[in-house]
$ cat structure04.cif   # mmCIF, C-alpha atoms and all ligand atoms
data_work
loop_
_atom_site.label_atom_id
_atom_site.label_comp_id
_atom_site.auth_asym_id
_atom_site.auth_seq_id
_atom_site.Cartn_x
_atom_site.Cartn_y
_atom_site.Cartn_z
CA MET A 297 0.00 0.00 0.00
CA GLY A 298 2.91 2.33 0.91
CA TYR A 299 4.44 1.71 -2.53
CA ILE A 300 1.16 2.46 -4.23
CA GLN A 301 0.61 5.62 -2.25
CA GLY A 302 4.23 6.75 -2.50
CA THR A 303 4.52 6.44 -6.24
CA ASN A 304 1.12 6.87 -7.80
CA ALA A 305 -1.40 8.22 -5.36
CA SER A 306 0.06 11.37 -3.89
CA SER A 307 -3.00 13.56 -4.44
CA LYS A 308 -6.19 13.34 -2.42
CA GLU A 309 -8.20 12.24 -5.48
CA ASN A 310 -5.83 9.41 -6.10
CA LEU A 311 -6.07 8.22 -2.51
CA GLU A 312 -9.83 8.32 -2.78
CA GLU A 313 -9.63 6.45 -6.03
CA LEU A 314 -7.60 3.70 -4.36
CA ASP A 315 -10.27 3.24 -1.69
CA ASP A 316 -12.67 2.36 -4.48
CA PRO A 317 -11.59 -1.17 -5.52
CA TYR A 318 -13.11 -0.74 -9.00
CA SER A 319 -11.43 2.57 -9.86
CA THR A 320 -9.33 2.52 -13.06
CA GLN A 321 -6.08 2.91 -11.18
CA SER A 322 -6.82 0.11 -8.73
CA VAL A 323 -7.81 -2.19 -11.52
CA ARG A 324 -4.56 -1.40 -13.36
CA GLN A 325 -2.49 -2.05 -10.24
CA MET A 326 -4.32 -5.30 -9.53
CA ALA A 327 -3.66 -6.36 -13.11
CA MET A 328 0.04 -5.58 -12.63
CA LEU A 329 0.22 -7.67 -9.45
CA ASN A 330 -1.66 -10.44 -11.23
CA HIS A 331 0.79 -10.31 -14.13
CA PHE A 332 3.81 -10.66 -11.81
CA TRP A 333 2.10 -13.46 -9.92
CA ILE A 334 1.39 -15.41 -13.14
CA LYS A 335 5.00 -14.88 -14.27
CA LEU A 336 6.30 -16.14 -10.91
CA GLU A 337 4.00 -19.13 -11.02
CA SER A 338 4.91 -20.05 -14.60
CA GLN A 339 8.62 -19.89 -13.68
CA ASN A 340 7.93 -22.28 -10.84
CA LEU A 341 5.97 -24.56 -13.16
CA PHE A 342 8.90 -24.52 -15.59
CA SER A 343 11.41 -25.54 -12.96
CA LEU A 344 8.94 -28.12 -11.61
CA ALA A 345 8.52 -29.64 -15.09
CA PHE A 346 12.26 -29.60 -15.63
CA SER A 347 13.02 -31.33 -12.34
CA SER A 348 10.13 -33.78 -12.81
CA GLY A 349 12.03 -35.31 -15.71
CA LYS A 350 9.83 -34.36 -18.69
CA PHE A 351 12.23 -31.74 -20.00
CA SER A 352 15.31 -33.69 -19.05
CA GLU A 353 13.77 -36.64 -20.93
CA VAL A 354 13.41 -34.55 -24.09
CA PHE A 355 16.70 -32.69 -23.72
CA GLY A 356 18.70 -35.41 -22.00
CA TYR A 357 22.12 -36.68 -23.06
CA THR A 358 20.84 -38.62 -26.09
CA ALA A 359 18.84 -35.73 -27.53
CA CYS A 360 21.56 -33.17 -26.87
CA GLN A 361 24.17 -35.39 -28.50
CA GLN A 362 22.07 -36.32 -31.55
CA ILE A 363 20.68 -32.84 -32.17
CA SER A 364 24.15 -31.30 -31.79
CA GLU A 365 25.54 -33.78 -34.34
CA MET A 366 22.67 -32.90 -36.68
CA LEU A 367 23.12 -29.13 -36.34
CA PHE A 368 26.89 -29.40 -36.75
CA SER A 369 26.48 -31.60 -39.88
CA ILE A 370 24.04 -29.13 -41.44
CA ALA A 371 26.19 -26.08 -40.62
CA PHE A 372 29.36 -27.74 -41.87
CA PHE A 373 27.72 -28.92 -45.10
CA HIS A 374 26.31 -25.53 -46.09
CA VAL A 375 29.22 -23.36 -45.02
CA SER A 376 31.73 -25.61 -46.82
CA GLU A 377 29.57 -25.60 -50.00
CA TYR A 378 29.58 -21.82 -49.91
CA ILE A 379 33.33 -21.53 -49.27
CA LEU A 380 34.18 -23.99 -52.08
CA ALA A 381 31.88 -22.12 -54.47
CA ILE A 382 33.76 -18.90 -53.68
CA ILE A 383 37.13 -20.64 -54.12
CA PHE A 384 36.26 -22.06 -57.58
CA HIS A 385 33.97 -19.40 -58.98
CA GLY A 386 35.06 -16.18 -57.25
CA LYS A 387 33.07 -14.16 -54.74
CA SER A 388 31.41 -11.97 -57.39
CA ASN A 389 29.88 -15.05 -59.10
CA VAL A 390 28.53 -16.62 -55.91
CA SER A 391 25.26 -15.70 -54.23
CA LEU A 392 23.62 -16.96 -51.04
CA LYS A 393 21.91 -19.54 -53.29
CA SER A 394 25.20 -21.45 -53.06
CA LEU A 395 24.31 -22.18 -49.44
CA LEU A 396 21.78 -24.57 -51.06
CA ILE A 397 18.99 -23.74 -48.59
CA SER A 398 15.69 -23.88 -50.46
CA LYS A 399 12.17 -23.62 -49.05
CA ASN A 400 11.53 -27.35 -49.60
CA TYR A 401 14.80 -28.19 -47.91
CA LEU A 402 13.88 -26.07 -44.87
CA VAL A 403 10.44 -27.72 -44.66
CA ALA A 404 12.08 -31.18 -44.78
CA MET A 405 14.60 -30.31 -42.06
CA ILE A 406 11.95 -28.76 -39.80
CA PHE A 407 9.72 -31.82 -40.33
CA SER A 408 12.61 -34.11 -39.37
CA LEU A 409 13.35 -32.11 -36.20
CA LEU A 410 9.65 -32.20 -35.25
CA GLU A 411 9.59 -35.95 -35.83
CA TYR A 412 12.63 -36.24 -33.60
CA LEU A 413 11.09 -34.19 -30.77
CA VAL A 414 7.77 -36.08 -30.88
CA GLU A 415 9.51 -39.45 -30.86
CA VAL A 416 12.06 -38.60 -28.16
CA TYR A 417 9.15 -37.50 -25.96
CA PHE A 418 6.73 -40.38 -26.57
CA PHE A 419 9.16 -43.19 -27.52
CA PRO A 420 12.53 -42.24 -25.97
CA GLY A 421 13.78 -45.83 -26.34
CA LEU A 422 13.69 -45.42 -30.14
CA LYS A 423 16.55 -42.90 -29.95
CA GLU A 424 18.78 -45.13 -27.84
CA HIS A 425 19.81 -47.33 -30.79
CA TRP A 426 23.34 -46.00 -30.78
CA ARG A 427 24.64 -48.46 -33.38
CA ILE A 428 22.06 -47.17 -35.86
CA SER A 429 22.73 -43.56 -34.88
CA ASN A 430 26.50 -44.01 -35.26
CA PHE A 431 25.95 -45.73 -38.61
CA GLY A 432 24.02 -42.61 -39.66
CA LEU A 433 26.90 -40.42 -38.47
CA ALA A 434 29.28 -42.53 -40.60
CA MET A 435 26.93 -42.02 -43.59
CA VAL A 436 27.02 -38.26 -42.99
CA VAL A 437 30.83 -38.21 -42.92
CA ILE A 438 31.18 -40.50 -45.97
CA GLY A 439 28.51 -38.58 -47.94
CA GLU A 440 30.18 -35.29 -47.10
CA ILE A 441 33.62 -36.58 -48.20
CA ILE A 442 32.27 -37.96 -51.52
CA ARG A 443 30.46 -34.72 -52.29
CA LYS A 444 33.41 -32.50 -51.43
CA LEU A 445 35.76 -34.73 -53.47
CA ALA A 446 33.37 -34.28 -56.41
CA ILE A 447 33.39 -30.50 -56.05
CA ILE A 448 37.18 -30.34 -55.73
CA THR A 449 37.73 -32.77 -58.64
CA ALA A 450 35.34 -31.03 -61.04
CA GLY A 451 36.50 -27.56 -59.95
CA ARG A 452 34.98 -24.86 -62.15
CA ALA A 453 32.86 -27.48 -63.99
CA PHE A 454 30.88 -28.03 -60.78
CA THR A 455 28.20 -25.36 -60.81
CA HIS A 456 25.16 -25.40 -58.52
CA LEU A 457 22.97 -24.41 -61.48
CA ILE A 458 23.03 -26.82 -64.42
CA LYS A 459 24.86 -25.33 -67.40
CA VAL A 460 22.74 -25.10 -70.53
CA TYR A 461 25.38 -23.37 -72.69
CA HIS A 462 28.83 -24.74 -73.33
CA GLU A 463 31.56 -22.50 -71.98
CA GLU A 464 35.08 -22.65 -73.38
CA HIS A 465 36.77 -23.72 -70.16
CA HIS A 466 34.18 -26.47 -69.49
CA GLU A 467 35.98 -29.81 -69.92
CA LEU A 468 34.54 -33.29 -69.49
CA VAL A 469 35.71 -34.60 -66.11
CA ARG A 470 36.35 -38.36 -65.98
CA HIS A 471 39.11 -38.72 -63.44
CA GLY A 472 39.13 -39.16 -59.65
CA VAL A 473 35.70 -39.87 -58.12
CA TYR A 474 34.16 -39.25 -61.58
CA GLY A 475 35.94 -42.46 -62.67
CA PHE A 476 33.79 -44.47 -60.23
CA VAL A 477 30.39 -42.76 -60.70
CA ARG A 478 29.15 -40.08 -63.08
CA HIS A 479 27.37 -38.07 -60.35
CA PRO A 480 29.46 -38.28 -57.17
CA GLY A 481 28.13 -34.93 -55.96
CA TYR A 482 24.59 -36.32 -56.03
CA SER A 483 25.59 -39.71 -54.58
CA GLY A 484 27.32 -37.87 -51.74
CA PHE A 485 24.30 -35.69 -51.05
CA LEU A 486 21.93 -38.69 -51.08
CA ILE A 487 24.11 -40.56 -48.57
CA TRP A 488 24.59 -37.41 -46.45
CA SER A 489 20.91 -36.44 -46.30
CA VAL A 490 19.61 -39.95 -45.51
CA GLY A 491 22.49 -40.30 -43.02
CA THR A 492 21.27 -37.24 -41.08
CA GLN A 493 17.95 -39.03 -40.50
CA VAL A 494 19.50 -42.40 -39.64
CA MET A 495 21.71 -40.51 -37.17
CA LEU A 496 18.57 -39.10 -35.51
CA CYS A 497 16.92 -42.59 -35.54
CA ASN A 498 13.98 -40.97 -37.41
CA PRO A 499 12.21 -43.83 -39.25
CA ILE A 500 9.64 -41.68 -41.10
CA SER A 501 12.09 -39.00 -42.27
CA THR A 502 14.67 -41.64 -43.27
CA VAL A 503 12.19 -43.13 -45.75
CA LEU A 504 10.85 -39.74 -46.87
CA PHE A 505 14.33 -38.22 -47.37
CA ALA A 506 15.45 -41.28 -49.37
CA LEU A 507 12.37 -41.13 -51.62
CA VAL A 508 12.31 -37.35 -52.12
CA VAL A 509 16.06 -36.95 -52.74
CA TRP A 510 16.14 -40.01 -55.04
CA ARG A 511 13.17 -38.67 -57.05
CA PHE A 512 14.82 -35.24 -57.33
CA PHE A 513 18.06 -36.67 -58.73
CA SER A 514 16.31 -39.22 -60.98
CA GLN A 515 14.67 -36.24 -62.73
CA ARG A 516 17.70 -33.94 -62.63
CA ILE A 517 20.24 -36.40 -64.06
CA PRO A 518 18.55 -36.93 -67.50
CA TYR A 519 18.14 -33.14 -67.80
CA GLU A 520 21.80 -32.49 -66.87
CA GLU A 521 23.03 -35.27 -69.17
CA TYR A 522 20.99 -33.96 -72.09
CA PHE A 523 23.22 -30.86 -72.05
CA LEU A 524 26.42 -32.80 -71.28
CA ARG A 525 25.73 -34.90 -74.43
CA GLN A 526 25.27 -31.71 -76.42
CA PHE A 527 28.57 -30.32 -75.08
CA PHE A 528 30.72 -33.44 -75.36
CA GLY A 529 28.85 -35.64 -77.89
CA SER A 530 30.10 -39.22 -78.31
CA ARG A 531 32.72 -38.72 -75.57
CA TYR A 532 29.95 -38.36 -73.02
CA ASP A 533 28.07 -41.36 -74.48
CA ALA A 534 31.17 -43.53 -74.08
CA TYR A 535 31.68 -42.23 -70.51
CA ALA A 536 28.05 -42.92 -69.59
CA HIS A 537 28.36 -46.40 -71.12
CA GLN A 538 31.37 -47.26 -68.93
CA VAL A 539 30.59 -45.52 -65.63
CA PRO A 540 27.39 -45.95 -63.54
CA SER A 541 25.37 -42.90 -62.50
CA GLY A 542 25.94 -43.36 -58.77
CA ILE A 543 22.24 -43.07 -57.94
CA PRO A 544 20.38 -46.40 -57.49
CA PHE A 545 18.06 -47.38 -60.38
CA VAL A 546 19.16 -44.40 -62.50
CA ASN A 547 21.08 -45.42 -65.63
C1 LIG A 601 25.75 -29.54 -59.40
S1 LIG A 601 27.01 -29.99 -60.55
C2 LIG A 601 26.84 -31.74 -60.37
C3 LIG A 601 27.86 -32.50 -61.07
C4 LIG A 601 27.63 -33.99 -61.09
N1 LIG A 601 26.30 -34.28 -61.55
C5 LIG A 601 27.86 -34.60 -59.74
O1 LIG A 601 26.88 -35.07 -59.13
O2 LIG A 601 29.00 -34.60 -59.27
C6 LIG A 601 26.23 -29.70 -62.10
C7 LIG A 601 27.16 -29.20 -63.17
O3 LIG A 601 28.21 -30.12 -63.36
C8 LIG A 601 28.45 -30.27 -64.75
N2 LIG A 601 28.95 -31.65 -64.93
C9 LIG A 601 28.35 -32.78 -64.52
N3 LIG A 601 29.09 -33.85 -64.81
C10 LIG A 601 30.19 -33.38 -65.42
C11 LIG A 601 31.35 -34.00 -65.96
N4 LIG A 601 31.54 -35.30 -65.90
N5 LIG A 601 32.28 -33.20 -66.52
C12 LIG A 601 32.12 -31.88 -66.57
N6 LIG A 601 31.06 -31.24 -66.08
C13 LIG A 601 30.11 -31.97 -65.51
C14 LIG A 601 27.14 -30.03 -65.43
O4 LIG A 601 27.32 -29.46 -66.70
C15 LIG A 601 26.43 -29.09 -64.49
O5 LIG A 601 26.49 -27.75 -64.92
#

$ encode --input "structure04.cif" --output "structure tokens"
Amino acid sequence: MGYIQGTNASSKENLEELDDPYSTQSVRQMAMLNHFWIKLESQNLFSLAFSSGKFSEVFGYTACQQISEMLFSIAFFHVSEYILAIIFHGKSNVSLKSLLISKNYLVAMIFSLLEYLVEVYFFPGLKEHWRISNFGLAMVVIGEIIRKLAIITAGRAFTHLIKVYHEEHHELVRHGVYGFVRHPGYSGFLIWSVGTQVMLCNPISTVLFALVVWRFFSQRIPYEEYFLRQFFGSRYDAYAHQVPSGIPFVN
């Protein structure tokens, strides 16, 4: 009461107003007290929930470890793509598109994180399959290495947008990882992206990522190779005859 009088109700009218419990000022002050009380109570509820195990179940060791691995893999993948694009194509020719973060990609990643959170809450045992999770981590590392080897091997020929006009410097690359598969960059990405979901022990997203990424590359490869055949003619035909695509069920 002293606080109220001292700060807001120095005049006689104000004091009178405070005596009336329904005056505007009293109502405002009651609302303020109520607000602080609710805030205090919600903080207590938060700490109660945390100590009761619900939060520690969701954000326990397993979840922290697996989500950290996922976030690190994503950050490393995109930043290294961007840096390599700058190294091979020069800063002036590279835009933020080289980070390779599209709307569909974001939707897929958010879906996979939501799947993870729902499952770790309702079926925490599902995430404790560490052999599967570590196998996924190995897929992420292997996929990343294959993709980066492809980018480094192809150099300037590796453009994020498919070339539809032949440029003078554009040579057919057949050596290194391109001697084993024709599309190592895509093989690497397929392994990497499915690996992120195996690492999270996400059964639904593992299947969805495999299907969506496979479908994307199965449509992209014929389009890309249509232009490669125009650029390099029979040399590309011979290469395609000898070397597999690197994407399952795509010739
Ligand atoms: C995103 S890169 C992907 C390259 C390849 N498909 C891969 O997965 O490693 C696409 C560009 O690489 C070029 N490219 C693909 N294969 C190539 C090859 N063997 N030699 C030279 N350029 C190639 C295409 O012309 C296209 O512009």

$ residues_near_ligand --input "structure04.cif" --ligand "ligand LIG 601 (chain A)" --cutoff "10 Å" --atoms "all atoms listed in the file" --output "PDB file with C-alpha atoms, in the coordinates of the input"
ATOM      1  CA  ILE A 442      32.270 -37.960 -51.520  1.00  0.00           C
ATOM      2  CA  ARG A 443      30.460 -34.720 -52.290  1.00  0.00           C
ATOM      3  CA  LYS A 444      33.410 -32.500 -51.430  1.00  0.00           C
ATOM      4  CA  LEU A 445      35.760 -34.730 -53.470  1.00  0.00           C
ATOM      5  CA  ALA A 446      33.370 -34.280 -56.410  1.00  0.00           C
ATOM      6  CA  ILE A 447      33.390 -30.500 -56.050  1.00  0.00           C
ATOM      7  CA  ILE A 448      37.180 -30.340 -55.730  1.00  0.00           C
ATOM      8  CA  THR A 449      37.730 -32.770 -58.640  1.00  0.00           C
ATOM      9  CA  ALA A 450      35.340 -31.030 -61.040  1.00  0.00           C
ATOM     10  CA  GLY A 451      36.500 -27.560 -59.950  1.00  0.00           C
ATOM     11  CA  ARG A 452      34.980 -24.860 -62.150  1.00  0.00           C
ATOM     12  CA  ALA A 453      32.860 -27.480 -63.990  1.00  0.00           C
ATOM     13  CA  PHE A 454      30.880 -28.030 -60.780  1.00  0.00           C
ATOM     14  CA  THR A 455      28.200 -25.360 -60.810  1.00  0.00           C
ATOM     15  CA  HIS A 456      25.160 -25.400 -58.520  1.00  0.00           C
ATOM     16  CA  LEU A 457      22.970 -24.410 -61.480  1.00  0.00           C
ATOM     17  CA  ILE A 458      23.030 -26.820 -64.420  1.00  0.00           C
ATOM     18  CA  LYS A 459      24.860 -25.330 -67.400  1.00  0.00           C
ATOM     19  CA  VAL A 460      22.740 -25.100 -70.530  1.00  0.00           C
ATOM     20  CA  TYR A 461      25.380 -23.370 -72.690  1.00  0.00           C
ATOM     21  CA  HIS A 462      28.830 -24.740 -73.330  1.00  0.00           C
ATOM     22  CA  GLU A 463      31.560 -22.500 -71.980  1.00  0.00           C
ATOM     23  CA  HIS A 466      34.180 -26.470 -69.490  1.00  0.00           C
ATOM     24  CA  GLU A 467      35.980 -29.810 -69.920  1.00  0.00           C
ATOM     25  CA  LEU A 468      34.540 -33.290 -69.490  1.00  0.00           C
ATOM     26  CA  VAL A 469      35.710 -34.600 -66.110  1.00  0.00           C
ATOM     27  CA  ARG A 470      36.350 -38.360 -65.980  1.00  0.00           C
ATOM     28  CA  HIS A 471      39.110 -38.720 -63.440  1.00  0.00           C
ATOM     29  CA  VAL A 473      35.700 -39.870 -58.120  1.00  0.00           C
ATOM     30  CA  TYR A 474      34.160 -39.250 -61.580  1.00  0.00           C
ATOM     31  CA  GLY A 475      35.940 -42.460 -62.670  1.00  0.00           C
ATOM     32  CA  VAL A 477      30.390 -42.760 -60.700  1.00  0.00           C
ATOM     33  CA  ARG A 478      29.150 -40.080 -63.080  1.00  0.00           C
ATOM     34  CA  HIS A 479      27.370 -38.070 -60.350  1.00  0.00           C
ATOM     35  CA  PRO A 480      29.460 -38.280 -57.170  1.00  0.00           C
ATOM     36  CA  GLY A 481      28.130 -34.930 -55.960  1.00  0.00           C
ATOM     37  CA  TYR A 482      24.590 -36.320 -56.030  1.00  0.00           C
ATOM     38  CA  SER A 483      25.590 -39.710 -54.580  1.00  0.00           C
ATOM     39  CA  GLY A 484      27.320 -37.870 -51.740  1.00  0.00           C
ATOM     40  CA  PHE A 485      24.300 -35.690 -51.050  1.00  0.00           C
ATOM     41  CA  PHE A 513      18.060 -36.670 -58.730  1.00  0.00           C
ATOM     42  CA  ARG A 516      17.700 -33.940 -62.630  1.00  0.00           C
ATOM     43  CA  ILE A 517      20.240 -36.400 -64.060  1.00  0.00           C
ATOM     44  CA  TYR A 519      18.140 -33.140 -67.800  1.00  0.00           C
ATOM     45  CA  GLU A 520      21.800 -32.490 -66.870  1.00  0.00           C
ATOM     46  CA  GLU A 521      23.030 -35.270 -69.170  1.00  0.00           C
ATOM     47  CA  TYR A 522      20.990 -33.960 -72.090  1.00  0.00           C
ATOM     48  CA  PHE A 523      23.220 -30.860 -72.050  1.00  0.00           C
ATOM     49  CA  LEU A 524      26.420 -32.800 -71.280  1.00  0.00           C
ATOM     50  CA  ARG A 525      25.730 -34.900 -74.430  1.00  0.00           C
ATOM     51  CA  PHE A 527      28.570 -30.320 -75.080  1.00  0.00           C
ATOM     52  CA  PHE A 528      30.720 -33.440 -75.360  1.00  0.00           C
ATOM     53  CA  TYR A 532      29.950 -38.360 -73.020  1.00  0.00           C
ATOM     54  CA  TYR A 535      31.680 -42.230 -70.510  1.00  0.00           C
ATOM     55  CA  ALA A 536      28.050 -42.920 -69.590  1.00  0.00           C
ATOM     56  CA  SER A 541      25.370 -42.900 -62.500  1.00  0.00           C
ATOM     57  CA  GLY A 542      25.940 -43.360 -58.770  1.00  0.00           C
ATOM     58  CA  ILE A 543      22.240 -43.070 -57.940  1.00  0.00           C
TER      59      ILE A 543
END

$ atom_distance --input "structure04.cif" --atom1 "atom CA of A:Glu415" --atom2 "atom CA of A:Leu396"
27.9 Å

$ closest_residue --input "structure04.cif" --among "A:Ser530, A:Ser408, A:Ser398, A:Asn430" --to "A:Asn498" --atoms "all atoms listed in the file"
A:Ser408

$ atom_distance --input "structure04.cif" --atom1 "atom CA of A:Cys497" --atom2 "atom CA of A:Leu410"
12.7 Å

$ closest_residue --input "structure04.cif" --among "A:Asn547, A:Gln362, A:Gln515, A:Gln538" --to "A:Thr492" --atoms "all atoms listed in the file"
A:Gln362

$ atom_distance --input "structure04.cif" --atom1 "atom CA of A:Gln493" --atom2 "atom CA of A:Ile406"
11.9 Å

$ closest_residue --input "structure04.cif" --among "A:Asn389, A:Ser514, A:Ser429, A:Ser501" --to "A:Met405" --atoms "all atoms listed in the file"
A:Ser501

$ closest_residue --input "structure04.cif" --among "A:Tyr401, A:Gln526, A:Phe545, A:Lys387" --to "A:Trp510" --atoms "only C-alpha atoms"
A:Phe545

$ closest_residue --input "structure04.cif" --among "A:Val390, A:Ile397, A:Ala404, A:Val494" --to "A:Phe431" --atoms "all atoms listed in the file"
A:Val494

$ closest_residue --input "structure04.cif" --among "A:Lys423, A:Ser388, A:Ala359, A:Phe373" --to "A:Ile441" --atoms "all atoms listed in the file"
A:Phe373
